[in-house]
>>> print(open('my_file-v5.csv').read())   # CSV, C-alpha atoms and all ligand atoms
chain,number,residue,atom,x,y,z
R,1,MET,CA,-78.5,41.8,7.4
R,2,PRO,CA,-75.7,40.3,9.4
R,3,ALA,CA,-73.1,42.7,10.7
R,4,SER,CA,-70.3,40.8,8.9
R,5,VAL,CA,-71.9,41.4,5.6
R,6,LYS,CA,-72.4,45.1,6.4
R,7,SER,CA,-68.7,45.4,7.3
R,8,CYS,CA,-67.5,44.3,3.8
R,9,SER,CA,-67.3,47.6,2.0
R,10,GLY,CA,-69.1,47.5,-1.3
R,11,LEU,CA,-70.5,44.0,-0.7
R,12,ALA,CA,-73.6,45.1,1.1
R,13,ALA,CA,-74.8,47.1,-1.9
R,14,LEU,CA,-74.1,44.2,-4.3
R,15,THR,CA,-75.4,41.4,-2.2
R,16,PRO,CA,-79.1,40.6,-2.2
R,17,ALA,CA,-80.9,40.8,1.2
R,18,PRO,CA,-80.9,37.4,3.1
R,19,TRP,CA,-84.5,36.8,2.4
R,20,GLU,CA,-83.8,37.1,-1.4
R,21,ARG,CA,-80.8,34.9,-1.3
R,22,PRO,CA,-80.8,31.1,-1.7
R,23,ALA,CA,-80.1,29.3,1.5
R,24,GLU,CA,-77.0,27.7,0.1
R,25,GLU,CA,-75.5,31.0,-0.9
R,26,GLU,CA,-76.1,32.4,2.6
R,27,TYR,CA,-74.5,29.4,4.1
R,28,ILE,CA,-71.3,29.9,2.0
R,29,LEU,CA,-71.1,33.6,2.9
R,30,ASN,CA,-71.4,32.8,6.6
R,31,ALA,CA,-69.0,30.0,6.4
R,32,MET,CA,-66.3,32.1,4.8
R,33,LYS,CA,-66.5,35.1,7.1
R,34,THR,CA,-64.5,33.7,10.1
R,35,GLY,CA,-61.0,32.3,10.3
R,36,TYR,CA,-59.7,30.3,13.2
R,37,LEU,CA,-56.5,30.1,15.1
R,38,ILE,CA,-56.6,26.8,17.0
R,39,ASP,CA,-54.4,25.6,19.8
R,40,MET,CA,-53.6,21.9,19.7
R,41,ASP,CA,-52.9,20.3,23.1
R,42,GLY,CA,-56.1,20.2,25.1
R,43,VAL,CA,-58.2,21.4,22.1
R,44,ILE,CA,-57.6,18.7,19.4
R,45,TYR,CA,-55.8,16.0,21.4
R,46,ARG,CA,-54.9,15.1,24.9
R,47,GLU,CA,-51.9,12.7,25.3
R,48,GLU,CA,-52.3,10.2,22.5
R,49,SER,CA,-56.1,10.6,22.0
R,50,LEU,CA,-58.3,12.9,20.0
R,51,ILE,CA,-60.7,15.0,21.9
R,52,PRO,CA,-64.3,14.0,21.1
R,53,GLY,CA,-65.6,16.0,18.2
R,54,ALA,CA,-62.2,17.4,17.2
R,55,ALA,CA,-61.9,15.2,14.1
R,56,ASP,CA,-65.4,16.2,12.9
R,57,PHE,CA,-64.5,19.9,13.6
R,58,VAL,CA,-61.3,19.8,11.5
R,59,GLN,CA,-62.9,17.9,8.7
R,60,THR,CA,-65.8,20.4,8.6
R,61,LEU,CA,-63.3,23.3,8.4
R,62,LEU,CA,-61.5,21.5,5.5
R,63,ALA,CA,-64.8,20.7,3.7
R,64,LEU,CA,-66.1,24.2,4.0
R,65,GLY,CA,-62.8,25.8,3.0
R,66,THR,CA,-62.8,27.8,6.2
R,67,PRO,CA,-59.4,29.4,6.8
R,68,PHE,CA,-57.7,28.0,9.9
R,69,LEU,CA,-54.2,27.6,11.4
R,70,PHE,CA,-53.1,25.4,14.3
R,71,VAL,CA,-51.0,27.6,16.6
R,72,THR,CA,-48.9,25.9,19.3
R,73,ASN,CA,-46.3,27.0,21.8
R,74,ASN,CA,-44.5,23.6,21.4
R,75,SER,CA,-41.2,24.4,19.6
R,76,SER,CA,-40.0,20.8,19.3
R,77,PRO,CA,-41.9,19.5,16.3
R,78,THR,CA,-41.8,20.8,12.7
R,79,PRO,CA,-45.2,21.5,11.0
R,80,GLU,CA,-44.6,18.3,9.0
R,81,ASP,CA,-44.2,16.4,12.3
R,82,LEU,CA,-47.5,17.8,13.5
R,83,ALA,CA,-49.4,16.9,10.3
R,84,VAL,CA,-48.1,13.3,10.6
R,85,ARG,CA,-49.1,13.1,14.3
R,86,LEU,CA,-52.6,14.3,13.5
R,87,LYS,CA,-52.8,11.8,10.6
R,88,HIS,CA,-51.9,8.9,13.0
R,89,LEU,CA,-54.6,10.2,15.4
R,90,GLY,CA,-57.2,10.0,12.6
R,91,ILE,CA,-57.3,13.5,11.1
R,92,GLN,CA,-56.5,13.4,7.3
R,93,GLY,CA,-55.9,16.1,4.8
R,94,LEU,CA,-53.5,18.4,6.7
R,95,SER,CA,-50.2,19.7,5.5
R,96,GLU,CA,-47.4,21.9,6.9
R,97,ARG,CA,-49.2,25.0,5.9
R,98,HIS,CA,-51.9,24.4,8.5
R,99,PHE,CA,-49.4,24.8,11.4
R,100,TYR,CA,-47.6,27.7,13.1
R,101,THR,CA,-45.3,26.9,16.0
R,102,SER,CA,-43.4,29.1,18.4
R,103,ALA,CA,-40.3,27.9,16.7
R,104,LEU,CA,-41.5,29.4,13.4
R,105,ASN,CA,-42.5,32.6,15.3
R,106,THR,CA,-39.0,32.9,16.7
R,107,ALA,CA,-37.4,32.4,13.3
R,108,ASP,CA,-39.8,35.0,11.8
R,109,PHE,CA,-38.9,37.4,14.6
R,110,LEU,CA,-35.2,37.1,14.0
R,111,SER,CA,-35.4,37.3,10.2
R,112,GLU,CA,-37.6,40.4,10.5
R,113,THR,CA,-35.7,42.3,13.3
R,114,ASP,CA,-32.1,41.2,12.8
R,115,PRO,CA,-31.5,39.4,9.5
R,116,GLY,CA,-28.1,37.9,9.3
R,117,CYS,CA,-27.8,37.4,13.0
R,118,THR,CA,-26.3,34.3,14.5
R,119,VAL,CA,-27.6,32.1,17.4
R,120,PHE,CA,-26.7,29.5,20.0
R,121,VAL,CA,-29.7,27.2,20.4
R,122,ILE,CA,-30.9,25.1,23.2
R,123,GLY,CA,-33.8,23.2,21.5
R,124,GLU,CA,-34.9,20.4,19.3
R,125,GLY,CA,-35.6,19.6,15.7
R,126,GLY,CA,-38.5,22.0,15.1
R,127,LEU,CA,-36.6,25.0,16.3
R,128,LEU,CA,-33.4,24.0,14.5
R,129,ALA,CA,-35.3,23.5,11.2
R,130,ALA,CA,-37.2,26.8,11.5
R,131,LEU,CA,-34.0,28.7,12.0
R,132,HIS,CA,-32.2,26.9,9.2
R,133,GLN,CA,-35.1,27.6,6.9
R,134,ARG,CA,-34.7,31.3,7.6
R,135,LYS,CA,-30.9,31.0,7.0
R,136,ILE,CA,-30.1,32.0,10.6
R,137,ALA,CA,-26.6,30.5,11.3
R,138,SER,CA,-25.6,28.6,14.4
R,139,ASP,CA,-22.7,30.1,16.3
R,140,THR,CA,-21.0,28.7,19.4
R,141,ILE,CA,-18.3,31.3,19.7
R,142,ALA,CA,-19.9,34.8,19.5
R,143,PRO,CA,-23.7,34.4,18.8
R,144,ARG,CA,-25.9,37.5,18.8
R,145,TYR,CA,-28.6,35.6,20.6
R,146,VAL,CA,-29.1,32.5,22.8
R,147,ILE,CA,-32.4,30.9,21.8
R,148,VAL,CA,-34.2,28.6,24.3
R,149,GLY,CA,-36.8,26.2,23.2
R,150,GLU,CA,-38.3,22.9,24.5
R,151,GLY,CA,-35.8,20.2,25.5
R,152,ALA,CA,-32.1,19.7,25.0
R,153,ALA,CA,-31.2,21.6,28.2
R,154,THR,CA,-28.1,19.6,29.3
R,155,THR,CA,-25.8,21.0,31.9
R,156,GLU,CA,-23.2,21.5,29.2
R,157,ARG,CA,-25.5,23.4,26.9
R,158,LEU,CA,-26.8,25.6,29.8
R,159,GLY,CA,-23.2,26.4,30.7
R,160,LYS,CA,-22.3,27.3,27.2
R,161,ALA,CA,-25.5,29.5,26.9
R,162,HIS,CA,-24.6,31.2,30.2
R,163,GLU,CA,-21.1,32.1,28.8
R,164,CYS,CA,-22.5,33.4,25.6
R,165,ILE,CA,-25.0,35.7,27.5
R,166,GLU,CA,-22.2,36.9,29.8
R,167,ARG,CA,-20.3,37.9,26.7
R,168,GLY,CA,-23.2,39.9,25.4
R,169,ALA,CA,-25.6,37.6,23.6
R,170,GLY,CA,-29.4,38.5,24.0
R,171,LEU,CA,-31.7,35.8,25.5
R,172,LEU,CA,-34.8,34.8,23.6
R,173,ALA,CA,-37.3,32.0,24.6
R,174,THR,CA,-39.6,30.4,22.1
R,175,ASN,CA,-42.4,30.5,24.7
R,176,PRO,CA,-43.0,31.3,28.3
R,177,ASP,CA,-44.4,27.9,29.5
R,178,ASN,CA,-42.6,26.7,32.6
R,179,TRP,CA,-44.0,23.2,32.2
R,180,CYS,CA,-45.8,21.2,29.5
R,181,PRO,CA,-48.3,18.3,30.0
R,182,VAL,CA,-47.0,14.8,29.1
R,183,SER,CA,-49.9,12.9,30.4
R,184,SER,CA,-52.8,13.6,32.8
R,185,LYS,CA,-50.5,12.7,35.7
R,186,LYS,CA,-47.1,13.9,34.4
R,187,THR,CA,-45.5,17.1,33.2
R,188,ARG,CA,-42.1,18.0,31.9
R,189,PRO,CA,-40.0,21.3,32.1
R,190,GLY,CA,-40.8,23.8,29.4
R,191,ALA,CA,-38.8,26.5,27.6
R,192,GLY,CA,-39.9,29.1,30.2
R,193,ALA,CA,-38.2,27.1,33.0
R,194,THR,CA,-34.9,26.9,31.0
R,195,ALA,CA,-35.0,30.6,30.2
R,196,ALA,CA,-35.7,31.3,33.9
R,197,PHE,CA,-32.6,29.3,34.8
R,198,LEU,CA,-30.4,31.5,32.5
R,199,GLU,CA,-32.1,34.6,33.8
R,200,ALA,CA,-31.1,33.7,37.3
R,201,SER,CA,-27.6,32.7,36.4
R,202,THR,CA,-26.8,35.8,34.2
R,203,GLY,CA,-29.1,38.5,35.6
R,204,ARG,CA,-30.3,39.1,32.1
R,205,ARG,CA,-34.0,39.1,31.2
R,206,ALA,CA,-35.3,36.9,28.4
R,207,TYR,CA,-37.7,38.1,25.7
R,208,TYR,CA,-40.5,35.5,25.4
R,209,LEU,CA,-42.1,34.8,22.0
R,210,GLY,CA,-45.0,32.4,21.3
R,211,LYS,CA,-48.4,32.8,22.9
R,212,PRO,CA,-49.4,35.2,24.6
R,213,ASN,CA,-47.0,37.5,22.8
R,214,GLY,CA,-48.8,39.7,20.3
R,215,TYR,CA,-46.1,39.0,17.7
R,216,MET,CA,-47.3,35.4,17.6
R,217,PHE,CA,-50.9,36.4,17.1
R,218,HIS,CA,-50.1,39.0,14.4
R,219,GLN,CA,-47.8,36.7,12.5
R,220,ALA,CA,-50.4,33.9,12.7
R,221,GLN,CA,-53.1,36.2,11.4
R,222,ARG,CA,-50.8,37.2,8.5
R,223,LYS,CA,-50.2,33.6,7.7
R,224,LEU,CA,-53.9,32.8,7.9
R,225,ALA,CA,-54.8,35.6,5.5
R,226,GLY,CA,-52.1,34.6,3.1
R,227,ALA,CA,-52.9,30.9,3.1
R,228,GLY,CA,-56.6,30.7,2.3
R,229,GLY,CA,-56.9,33.2,-0.5
R,230,ALA,CA,-59.9,35.1,0.8
R,231,LYS,CA,-59.0,37.1,3.9
R,232,PRO,CA,-61.4,36.3,6.8
R,233,ASP,CA,-63.6,39.2,8.1
R,234,GLN,CA,-62.7,38.1,11.6
R,235,VAL,CA,-60.3,35.8,13.3
R,236,VAL,CA,-61.2,33.8,16.4
R,237,MET,CA,-58.7,32.1,18.7
R,238,ILE,CA,-59.7,28.8,20.2
R,239,GLY,CA,-57.7,27.5,23.1
R,240,ASP,CA,-57.8,25.7,26.5
R,241,THR,CA,-55.3,27.9,28.5
R,242,MET,CA,-56.3,31.2,29.9
R,243,GLU,CA,-52.7,32.6,30.4
R,244,THR,CA,-51.6,32.0,26.8
R,245,ASP,CA,-54.5,31.4,24.4
R,246,ILE,CA,-57.2,33.7,25.9
R,247,ARG,CA,-54.9,36.4,27.3
R,248,GLY,CA,-53.0,36.6,23.9
R,249,ALA,CA,-56.2,36.8,21.9
R,250,PHE,CA,-57.5,39.5,24.2
R,251,GLU,CA,-54.4,41.6,23.9
R,252,ALA,CA,-54.3,41.1,20.1
R,253,GLY,CA,-57.9,42.3,19.9
R,254,LEU,CA,-59.3,39.0,18.8
R,255,PRO,CA,-62.4,37.2,20.1
R,256,SER,CA,-61.6,33.9,21.9
R,257,PHE,CA,-63.3,30.6,22.5
R,258,LEU,CA,-62.2,28.7,25.6
R,259,VAL,CA,-62.7,25.0,25.5
R,260,LEU,CA,-62.9,23.0,28.8
R,261,SER,CA,-61.3,19.9,27.3
R,262,GLY,CA,-57.8,20.8,28.4
R,263,SER,CA,-56.1,22.7,31.2
R,264,THR,CA,-58.8,25.0,32.5
R,265,GLN,CA,-61.8,24.1,34.7
R,266,LEU,CA,-64.9,26.2,34.5
R,267,GLU,CA,-64.7,27.2,38.2
R,268,ASN,CA,-61.3,28.8,37.6
R,269,VAL,CA,-62.2,31.0,34.7
R,270,GLY,CA,-63.4,33.8,37.0
R,271,ASP,CA,-60.0,34.0,38.6
R,272,TYR,CA,-58.7,35.9,35.5
R,273,VAL,CA,-59.1,39.6,34.8
R,274,TYR,CA,-59.4,38.8,31.0
R,275,GLN,CA,-62.2,36.6,29.9
R,276,PRO,CA,-63.0,34.5,26.8
R,277,THR,CA,-65.7,35.6,24.4
R,278,ARG,CA,-67.3,32.1,24.7
R,279,ILE,CA,-66.9,28.9,26.6
R,280,LEU,CA,-67.4,25.5,25.0
R,281,GLN,CA,-67.0,22.0,26.2
R,282,THR,CA,-65.1,21.0,23.1
R,283,VAL,CA,-64.5,22.2,19.6
R,284,GLY,CA,-67.1,19.6,18.6
R,285,ASP,CA,-69.7,22.2,19.9
R,286,LEU,CA,-68.9,24.3,16.8
R,287,VAL,CA,-69.6,21.7,14.2
R,288,GLU,CA,-73.3,22.3,13.9
R,289,GLU,CA,-72.8,26.0,13.9
R,290,LEU,CA,-70.3,25.8,11.1
R,291,LYS,CA,-72.5,23.6,9.0
R,292,THR,CA,-75.7,25.6,9.4
R,293,GLY,CA,-73.9,29.0,9.4
R,294,LYS,CA,-76.2,30.1,12.2
R,295,PRO,CA,-74.3,31.3,15.3
R,296,SER,CA,-75.7,30.4,18.7
R,297,THR,CA,-75.2,32.6,21.7
R,298,HIS,CA,-72.6,31.6,24.3
R,299,LEU,CA,-75.4,30.7,26.7
R,300,ASP,CA,-76.3,27.8,24.5
R,301,SER,CA,-72.9,26.3,25.3
R,302,PRO,CA,-73.3,23.1,27.4
R,303,ALA,CA,-70.6,24.6,29.7
R,304,PHE,CA,-73.1,27.0,31.1
R,305,ALA,CA,-75.6,24.3,32.0
R,306,THR,CA,-73.3,23.6,35.0
R,307,VAL,CA,-73.2,27.2,36.2
R,308,PRO,CA,-75.8,28.0,38.9
R,309,SER,CA,-78.2,30.7,37.8
R,310,ASN,CA,-77.8,32.5,41.1
R,311,ARG,CA,-74.0,32.7,40.8
R,312,SER,CA,-72.7,36.0,42.4
R,313,GLY,CA,-71.2,38.7,40.2
R,314,VAL,CA,-67.7,38.6,41.5
R,315,ARG,CA,-65.3,37.0,39.1
R,316,HIS,CA,-61.9,38.8,39.0
R,317,GLN,CA,-58.8,37.7,40.8
R,318,THR,CA,-58.8,40.7,43.0
R,319,ASP,CA,-62.0,39.4,44.5
R,320,ILE,CA,-61.6,38.3,48.1
R,321,LEU,CA,-63.3,35.0,47.5
R,322,ALA,CA,-60.6,34.0,45.0
R,323,LEU,CA,-58.1,34.0,47.9
R,324,TYR,CA,-59.7,30.9,49.3
R,325,LYS,CA,-59.5,28.9,46.1
R,326,PRO,CA,-56.6,26.6,45.4
R,327,ARG,CA,-54.1,28.5,43.3
R,328,PRO,CA,-53.9,27.2,39.7
R,329,ARG,CA,-50.4,26.0,38.8
R,330,PRO,CA,-48.8,28.8,36.8
R,331,ALA,CA,-48.1,28.1,33.1
R,332,MET,CA,-45.5,30.9,32.9
R,333,THR,CA,-43.6,33.4,34.9
R,334,LYS,CA,-44.5,36.6,33.0
R,401,MG,MG,-53.4,23.9,24.9
>>> encode(input="my_file-v5.csv", output="structure tokens")
Amino acid sequence: MPASVKSCSGLAALTPAPWERPAEEEYILNAMKTGYLIDMDGVIYREESLIPGAADFVQTLLALGTPFLFVTNNSSPTPEDLAVRLKHLGIQGLSERHFYTSALNTADFLSETDPGCTVFVIGEGGLLAALHQRKIASDTIAPRYVIVGEGAATTERLGKAHECIERGAGLLATNPDNWCPVSSKKTRPGAGATAAFLEASTGRRAYYLGKPNGYMFHQAQRKLAGAGGAKPDQVVMIGDTMETDIRGAFEAGLPSFLVLSGSTQLENVGDYVYQPTRILQTVGDLVEELKTGKPSTHLDSPAFATVPSNRSGVRHQTDILALYKPRPRPAMTK
């Protein structure tokens, strides 16, 4: 009997053994046991194009009723914006409940830890809407917090934020990303860079929400459990960035699947002390597994076909060999 069935208290005694159970029933049981937290950029799309297999993957999750939630550090869009964007890219059937952004995470954090607080915001629509939804008022005179998200960091706003922090406001950033991809050849400054500017000018340290902060993962799991009705037996994080998706999942105690369709090259995975549970080329690799309900081992992943079988065992960033590799561009400062 699969471990997941054993782990459901009471279910094991009531459920017939697999060989007594119709194939279709077993299929449904397997399909329902796992929920997914899914990063977007580099996992579902890259620039203005869907990643091969991503649409099939999302449609399969929807068709099976598998609980899932898109989890992104981008604080600019609202969940509705993201649903529209994916619709234009060719993925139908999504609504705002399928998305959890670092802006929502920041609004959740404030409404939970300091309800009634006021904020001065450097950020765009998604962050402003999330704070408004939680009834967190904007305050340019004596805010309790300066909130830094993506974009809108004009010299004037930075100067005002600096003054507020000097007068005692706390500094919060929606996420720690120093830069964000715009295209394969272009990046833009992220919320982490703006927060670092204010850290330098004020001498105050920011608190960074979003991935890999455990609060992001715990809130996302809570939302995932509440949305689908049936609480999943296990939650898996799928992402393309080691420093945020994989590190955050590891620290939250979740299994993680790294996809090689985004920011991470297979040869760089060994540079990190934390490792993904599995490595896949794209989320498309999971479609067959979801449909059949039969998990494959990570060695079946096409990614491993490229790893020489005699690869040496050293794989951590303390390894001397890693010093001779080009340094990956950091996604964050902390
Ligand atoms: Mg990503």
>>> residues_near_ligand(input="my_file-v5.csv", ligand="ligand MG 401 (chain R)", cutoff="6 Å", atoms="only C-alpha atoms and all ligand atoms", output="MDAnalysis selection string")
chainID R and resid 39:42 239:241
>>> residues_around(input="my_file-v5.csv", residues="stretch 135-139 of chain R", least_positions_apart="6", cutoff="7 Å", atoms="all atoms listed in the file", output="MDAnalysis selection string")
chainID R and resid 116:120
>>> residues_around(input="my_file-v5.csv", residues="R:Ser184", least_positions_apart="6", cutoff="10 Å", atoms="all atoms listed in the file", output="PyMOL selection string")
chain R and resi 46-47+262-263
>>> closest_residue(input="my_file-v5.csv", among="R:Pro143, R:Gly35, R:Gly284, R:Gly248", to="R:Leu50", atoms="only C-alpha atoms")
R:Gly284
>>> atom_distance(input="my_file-v5.csv", atom1="atom CA of R:Asp285", atom2="atom CA of R:Ala54")
9.3 Å
>>> closest_atom_pairs(input="my_file-v5.csv", of="stretch 83-128 of chain R", to="stretch 164-172 of chain R", cutoff="12 Å", atoms="all atoms listed in the file", output="tab-separated table")
residue	atom	partner	partner_atom	distance
R:Ser102	CA	R:Leu172	CA	11.6
R:Ala103	CA	R:Leu172	CA	11.2
R:Asn105	CA	R:Leu172	CA	11.5
R:Thr106	CA	R:Leu172	CA	8.3
R:Ala107	CA	R:Leu172	CA	10.9
R:Phe109	CA	R:Leu172	CA	10.2
R:Leu110	CA	R:Leu172	CA	9.9
R:Asp114	CA	R:Gly170	CA	11.8
R:Cys117	CA	R:Ala169	CA	10.8
R:Thr118	CA	R:Ala169	CA	9.7
R:Val119	CA	R:Ala169	CA	8.5
R:Phe120	CA	R:Cys164	CA	8.0
R:Val121	CA	R:Leu172	CA	9.7
R:Ile122	CA	R:Leu172	CA	10.5
R:Gly123	CA	R:Leu172	CA	11.8
>>> atom_distance(input="my_file-v5.csv", atom1="atom CA of R:Tyr215", atom2="atom CA of R:Glu150")
19.1 Å
>>> residues_around(input="my_file-v5.csv", residues="R:Ile51", least_positions_apart="4", cutoff="9 Å", atoms="all atoms listed in the file", output="list of chain:residue names")
R:Gly42, R:Val43, R:Ile44, R:Tyr45, R:Arg46, R:Ala55, R:Ser261, R:Thr282, R:Val283, R:Gly284
>>> write_last_selection(input="my_file-v5.csv", atoms="C-alpha atoms", output="short mmCIF file (atom, residue, chain, number, x, y, z; two decimals), in the coordinates of the input")
data_model
loop_
_atom_site.label_atom_id
_atom_site.label_comp_id
_atom_site.auth_asym_id
_atom_site.auth_seq_id
_atom_site.Cartn_x
_atom_site.Cartn_y
_atom_site.Cartn_z
CA GLY R 42 -56.10 20.20 25.10
CA VAL R 43 -58.20 21.40 22.10
CA ILE R 44 -57.60 18.70 19.40
CA TYR R 45 -55.80 16.00 21.40
CA ARG R 46 -54.90 15.10 24.90
CA ALA R 55 -61.90 15.20 14.10
CA SER R 261 -61.30 19.90 27.30
CA THR R 282 -65.10 21.00 23.10
CA VAL R 283 -64.50 22.20 19.60
CA GLY R 284 -67.10 19.60 18.60
#
>>> atom_distance(input="my_file-v5.csv", atom1="atom CA of R:Tyr100", atom2="atom CA of R:Val84")
14.6 Å
>>> closest_residue(input="my_file-v5.csv", among="R:Glu124, R:Glu156, R:Glu163, R:Asp81", to="R:Ile141", atoms="all atoms listed in the file")
R:Glu163
>>> closest_residue(input="my_file-v5.csv", among="R:Gly226, R:Pro276, R:Gly151, R:Pro232", to="R:Ala193", atoms="only C-alpha atoms")
R:Gly151
>>> closest_residue(input="my_file-v5.csv", among="R:Arg278, R:Arg222, R:Lys185, R:His162", to="R:Phe197", atoms="all atoms listed in the file")
R:His162
>>> closest_residue(input="my_file-v5.csv", among="R:Asn74, R:Ala142, R:Lys294, R:Ile279", to="R:Leu260", atoms="all atoms listed in the file")
R:Ile279
>>> residues_around(input="my_file-v5.csv", residues="stretch 173-175 of chain R", least_positions_apart="4", cutoff="9 Å", atoms="all atoms listed in the file", output="list of chain:residue names")
R:Asn73, R:Asn74, R:Ser75, R:Ser102, R:Ala103, R:Leu104, R:Asn105, R:Thr106, R:Leu127, R:Val146, R:Ile147, R:Val148, R:Gly149, R:Glu150, R:Gly190, R:Ala191, R:Gly192, R:Thr194, R:Ala195, R:Ala206, R:Tyr207, R:Tyr208, R:Leu209, R:Gly210, R:Lys211, R:Pro212, R:Asn213, R:Met332
>>> build_atoms(input="my_file-v5.csv", residues="stretch 244-261 of chain R", atoms="N, CA and C atoms", output="short mmCIF file (atom, residue, chain, number, x, y, z; two decimals), in the coordinates of the input")
data_model
loop_
_atom_site.label_atom_id
_atom_site.label_comp_id
_atom_site.auth_asym_id
_atom_site.auth_seq_id
_atom_site.Cartn_x
_atom_site.Cartn_y
_atom_site.Cartn_z
N THR R 244 -52.26 31.87 28.10
CA THR R 244 -51.60 32.00 26.80
C THR R 244 -52.65 32.26 25.68
N ASP R 245 -53.59 31.33 25.49
CA ASP R 245 -54.50 31.40 24.40
C ASP R 245 -55.50 32.62 24.56
N ILE R 246 -56.12 32.68 25.71
CA ILE R 246 -57.20 33.70 25.90
C ILE R 246 -56.57 35.06 26.18
N ARG R 247 -55.53 35.11 27.01
CA ARG R 247 -54.90 36.40 27.30
C ARG R 247 -54.29 36.98 25.96
N GLY R 248 -53.59 36.14 25.18
CA GLY R 248 -53.00 36.60 23.90
C GLY R 248 -54.01 37.12 22.96
N ALA R 249 -55.12 36.39 22.84
CA ALA R 249 -56.20 36.80 21.90
C ALA R 249 -56.76 38.15 22.36
N PHE R 250 -56.99 38.28 23.67
CA PHE R 250 -57.50 39.50 24.20
C PHE R 250 -56.60 40.70 23.87
N GLU R 251 -55.31 40.52 24.10
CA GLU R 251 -54.40 41.60 23.90
C GLU R 251 -54.15 41.90 22.40
N ALA R 252 -54.42 40.91 21.54
CA ALA R 252 -54.30 41.10 20.10
C ALA R 252 -55.63 41.65 19.51
N GLY R 253 -56.64 41.79 20.36
CA GLY R 253 -57.90 42.30 19.90
C GLY R 253 -58.79 41.30 19.18
N LEU R 254 -58.56 40.01 19.47
CA LEU R 254 -59.30 39.00 18.80
C LEU R 254 -60.36 38.35 19.76
N PRO R 255 -61.52 37.95 19.24
CA PRO R 255 -62.40 37.20 20.10
C PRO R 255 -61.81 35.80 20.37
N SER R 256 -62.16 35.22 21.51
CA SER R 256 -61.60 33.90 21.90
C SER R 256 -62.62 32.97 22.40
N PHE R 257 -62.47 31.70 22.03
CA PHE R 257 -63.30 30.60 22.50
C PHE R 257 -62.49 29.75 23.44
N LEU R 258 -62.88 29.64 24.71
CA LEU R 258 -62.20 28.70 25.60
C LEU R 258 -62.89 27.39 25.59
N VAL R 259 -62.11 26.31 25.42
CA VAL R 259 -62.70 25.00 25.50
C VAL R 259 -62.27 24.35 26.84
N LEU R 260 -63.18 23.57 27.43
CA LEU R 260 -62.90 23.00 28.80
C LEU R 260 -62.38 21.57 28.65
N SER R 261 -61.84 21.23 27.48
CA SER R 261 -61.30 19.90 27.30
C SER R 261 -59.84 19.77 27.61
#
